[in-house]
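**Student:** Submitted below is the structure of interest, expressed as structure tokens.
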Amino acid sequence: MQVKARVKDKKLVSEKRRLIIDGAIKVFKKKGYHKATIREIAEEAKISPGSVYDYFHSKDDILYLFFDNYARAFFEKLRSLTPRSDDPAERLEVAYRAVLDVLMELQDQVMLAYTQARYVKKKYLRDILHKESEIVEYFQKIIEEMGKGPSDALMEANFLVFSGVFGVLRRWALKHHFRNEEIIEFLVQSQMKAIVQRIQKDK
């Protein structure tokens with residue numbers, strides 16, 4: 001699904017959408033998605049309310065793009081990082097690090113996408129769930145390559161992807177004690193080792 005803009009200049013669309021999204025994040029964090037208005041978002045973005053509609057049709061478009069940005073960034077990072085390796089465990093770790101990196105980079109967008117998703121229209125929610133399923137399926141295929149474990153590969157993949165959100169959802173408690181890199185390393189060491197050990201033990 002594509003969020004269409006009235007403006008045709010792709011570079012301008014990208015720049016303005018970034019400003020609007022940054023403004024929306026501030027407003028959503030203060031007031032929540034449901035109570036936020038386009039006027040307030042425009043004020044934070046330092047553009048006129050009418051200009052917002054040149055790049056988005058509604059607040060739903062903005063919230064949808066939070067998750068779309070996450071999914072796109074994950075697969076882009078994955079393409080740049082995934083090793084040409086026959087070892088599925090190595091590919092799984094690289095993929096997991098990629099998803100953790102993106103989650104941390106876009107943590108405000110990810111937090112709002114998860115916590116405010118109930119307000120999104122059904123057509124957008126279906127597409128968001130489809131994008132999330134694509135990420136889960138990517139992990140599922142690698143886990144299946146590693147061999148049969150005590151748990152279903154789909155269950156393992158879902159848990160692995162959702163475990164990555166831990167650093168985002170718990171950031172209020174963790175940010176004063178740990179750097180993002182430390183949280184990522186903890187998750188990689190704890191989750192990756194657990195999956196590998198479960199599969200190897202069951203072989």
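Chain labels A, B, ... are given in the sequence in which chains occur in the structure tokens; within each chain residues are numbered consecutively from 1, and ligands are likewise numbered from 1 in the order shown.
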Could you give me, as an NGL selection string, the residues within 10 Å of range 25-42 of chain A, counting only C-alpha atoms and dropping anything in the same chain fewer than 5 positions from it?

**Tutor:** :A and (19-20 or 47-53 or 58-60 or 62-63 or 66 or 108-109 or 111-113 or 115-120)

**Student:** If you run DSSP on the backbone here, which positions in range 74-109 of chain A get helix (DSSP H, G or I)? Please write them as a list of chain:residue names.

**Tutor:**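 Selecting the helix (DSSP H, G or I) positions of range 74-109 of chain A gives A:Phe74, A:Phe75, A:Glu76, A:Lys77, A:Leu78, A:Arg79, A:Ser80, A:Leu81, A:Pro88, A:Ala89, A:Glu90, A:Arg91, A:Leu92, A:Glu93, A:Val94, A:Ala95, A:Tyr96, A:Arg97, A:Ala98, A:Val99, A:Leu100, A:Asp101, A:Val102, A:Leu103, A:Met104, A:Glu105, A:Gln107, A:Asp108, A:Gln109.
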
**Student:** Keeping only N, CA and C atoms, take the residues you just selected and write them out as a PDB file, in the first residue's frame.

**Tutor:**
ATOM      1  N   PHE A  74      14.193  -2.300   7.997  1.00  0.00           N
ATOM      2  CA  PHE A  74      14.696  -3.628   8.370  1.00  0.00           C
ATOM      3  C   PHE A  74      15.207  -4.382   7.159  1.00  0.00           C
ATOM      4  N   PHE A  75      14.395  -4.455   6.099  1.00  0.00           N
ATOM      5  CA  PHE A  75      14.807  -5.224   4.924  1.00  0.00           C
ATOM      6  C   PHE A  75      15.974  -4.565   4.190  1.00  0.00           C
ATOM      7  N   GLU A  76      16.036  -3.227   4.212  1.00  0.00           N
ATOM      8  CA  GLU A  76      17.178  -2.543   3.598  1.00  0.00           C
ATOM      9  C   GLU A  76      18.462  -2.853   4.356  1.00  0.00           C
ATOM     10  N   LYS A  77      18.387  -2.797   5.685  1.00  0.00           N
ATOM     11  CA  LYS A  77      19.565  -3.113   6.500  1.00  0.00           C
ATOM     12  C   LYS A  77      19.943  -4.577   6.334  1.00  0.00           C
ATOM     13  N   LEU A  78      18.951  -5.423   6.233  1.00  0.00           N
ATOM     14  CA  LEU A  78      19.186  -6.852   6.067  1.00  0.00           C
ATOM     15  C   LEU A  78      19.944  -7.129   4.776  1.00  0.00           C
ATOM     16  N   ARG A  79      19.511  -6.475   3.699  1.00  0.00           N
ATOM     17  CA  ARG A  79      20.182  -6.683   2.406  1.00  0.00           C
ATOM     18  C   ARG A  79      21.636  -6.231   2.460  1.00  0.00           C
ATOM     19  N   SER A  80      21.921  -5.215   3.254  1.00  0.00           N
ATOM     20  CA  SER A  80      23.294  -4.705   3.320  1.00  0.00           C
ATOM     21  C   SER A  80      24.172  -5.504   4.285  1.00  0.00           C
ATOM     22  N   LEU A  81      23.550  -6.250   5.223  1.00  0.00           N
ATOM     23  CA  LEU A  81      24.333  -6.923   6.260  1.00  0.00           C
ATOM     24  C   LEU A  81      24.393  -8.443   6.148  1.00  0.00           C
ATOM     25  N   PRO A  88      22.955 -21.228   8.835  1.00  0.00           N
ATOM     26  CA  PRO A  88      21.725 -20.498   9.156  1.00  0.00           C
ATOM     27  C   PRO A  88      21.799 -19.779  10.500  1.00  0.00           C
ATOM     28  N   ALA A  89      22.560 -20.324  11.454  1.00  0.00           N
ATOM     29  CA  ALA A  89      22.689 -19.670  12.762  1.00  0.00           C
ATOM     30  C   ALA A  89      23.378 -18.314  12.616  1.00  0.00           C
ATOM     31  N   GLU A  90      24.370 -18.249  11.731  1.00  0.00           N
ATOM     32  CA  GLU A  90      25.059 -16.981  11.489  1.00  0.00           C
ATOM     33  C   GLU A  90      24.118 -15.986  10.820  1.00  0.00           C
ATOM     34  N   ARG A  91      23.347 -16.444   9.839  1.00  0.00           N
ATOM     35  CA  ARG A  91      22.398 -15.557   9.157  1.00  0.00           C
ATOM     36  C   ARG A  91      21.309 -15.077  10.114  1.00  0.00           C
ATOM     37  N   LEU A  92      20.892 -15.974  11.024  1.00  0.00           N
ATOM     38  CA  LEU A  92      19.857 -15.610  11.984  1.00  0.00           C
ATOM     39  C   LEU A  92      20.349 -14.508  12.917  1.00  0.00           C
ATOM     40  N   GLU A  93      21.591 -14.609  13.372  1.00  0.00           N
ATOM     41  CA  GLU A  93      22.129 -13.583  14.267  1.00  0.00           C
ATOM     42  C   GLU A  93      22.235 -12.236  13.558  1.00  0.00           C
ATOM     43  N   VAL A  94      22.682 -12.255  12.305  1.00  0.00           N
ATOM     44  CA  VAL A  94      22.795 -11.007  11.542  1.00  0.00           C
ATOM     45  C   VAL A  94      21.414 -10.383  11.353  1.00  0.00           C
ATOM     46  N   ALA A  95      20.426 -11.213  11.041  1.00  0.00           N
ATOM     47  CA  ALA A  95      19.062 -10.715  10.837  1.00  0.00           C
ATOM     48  C   ALA A  95      18.491 -10.145  12.139  1.00  0.00           C
ATOM     49  N   TYR A  96      18.770 -10.833  13.238  1.00  0.00           N
ATOM     50  CA  TYR A  96      18.258 -10.364  14.534  1.00  0.00           C
ATOM     51  C   TYR A  96      18.915  -9.043  14.929  1.00  0.00           C
ATOM     52  N   ARG A  97      20.208  -8.930  14.689  1.00  0.00           N
ATOM     53  CA  ARG A  97      20.899  -7.661  14.969  1.00  0.00           C
ATOM     54  C   ARG A  97      20.323  -6.542  14.092  1.00  0.00           C
ATOM     55  N   ALA A  98      19.984  -6.876  12.864  1.00  0.00           N
ATOM     56  CA  ALA A  98      19.416  -5.872  11.955  1.00  0.00           C
ATOM     57  C   ALA A  98      18.086  -5.355  12.479  1.00  0.00           C
ATOM     58  N   VAL A  99      17.236  -6.253  12.921  1.00  0.00           N
ATOM     59  CA  VAL A  99      15.923  -5.828  13.417  1.00  0.00           C
ATOM     60  C   VAL A  99      16.076  -5.025  14.709  1.00  0.00           C
ATOM     61  N   LEU A 100      17.032  -5.401  15.547  1.00  0.00           N
ATOM     62  CA  LEU A 100      17.272  -4.659  16.788  1.00  0.00           C
ATOM     63  C   LEU A 100      17.811  -3.260  16.497  1.00  0.00           C
ATOM     64  N   ASP A 101      18.733  -3.174  15.548  1.00  0.00           N
ATOM     65  CA  ASP A 101      19.286  -1.871  15.165  1.00  0.00           C
ATOM     66  C   ASP A 101      18.184  -0.926  14.682  1.00  0.00           C
ATOM     67  N   VAL A 102      17.318  -1.446  13.811  1.00  0.00           N
ATOM     68  CA  VAL A 102      16.243  -0.617  13.244  1.00  0.00           C
ATOM     69  C   VAL A 102      15.249  -0.210  14.327  1.00  0.00           C
ATOM     70  N   LEU A 103      14.910  -1.140  15.214  1.00  0.00           N
ATOM     71  CA  LEU A 103      13.979  -0.828  16.294  1.00  0.00           C
ATOM     72  C   LEU A 103      14.517   0.302  17.166  1.00  0.00           C
ATOM     73  N   MET A 104      15.816   0.260  17.447  1.00  0.00           N
ATOM     74  CA  MET A 104      16.421   1.302  18.275  1.00  0.00           C
ATOM     75  C   MET A 104      16.511   2.635  17.521  1.00  0.00           C
ATOM     76  N   GLU A 105      16.813   2.571  16.240  1.00  0.00           N
ATOM     77  CA  GLU A 105      16.921   3.793  15.436  1.00  0.00           C
ATOM     78  C   GLU A 105      15.566   4.496  15.299  1.00  0.00           C
ATOM     79  N   GLN A 107      12.851   4.075  17.383  1.00  0.00           N
ATOM     80  CA  GLN A 107      12.096   3.642  18.565  1.00  0.00           C
ATOM     81  C   GLN A 107      10.843   4.466  18.841  1.00  0.00           C
ATOM     82  N   ASP A 108      10.870   5.776  18.575  1.00  0.00           N
ATOM     83  CA  ASP A 108       9.661   6.577  18.792  1.00  0.00           C
ATOM     84  C   ASP A 108       8.544   6.144  17.848  1.00  0.00           C
ATOM     85  N   GLN A 109       8.900   5.922  16.586  1.00  0.00           N
ATOM     86  CA  GLN A 109       7.900   5.493  15.607  1.00  0.00           C
ATOM     87  C   GLN A 109       7.367   4.098  15.938  1.00  0.00           C
TER      88      GLN A 109
END

**Student:** Find the spatial neighbours of Val196 in chain A, counting only C-alpha atoms, within a cut-off of 9 Å - ignore same-chain residues fewer than 4 positions away - and output them as an NGL selection string.

**Tutor:** :A and (89 or 146 or 149 or 191-192 or 200-201)
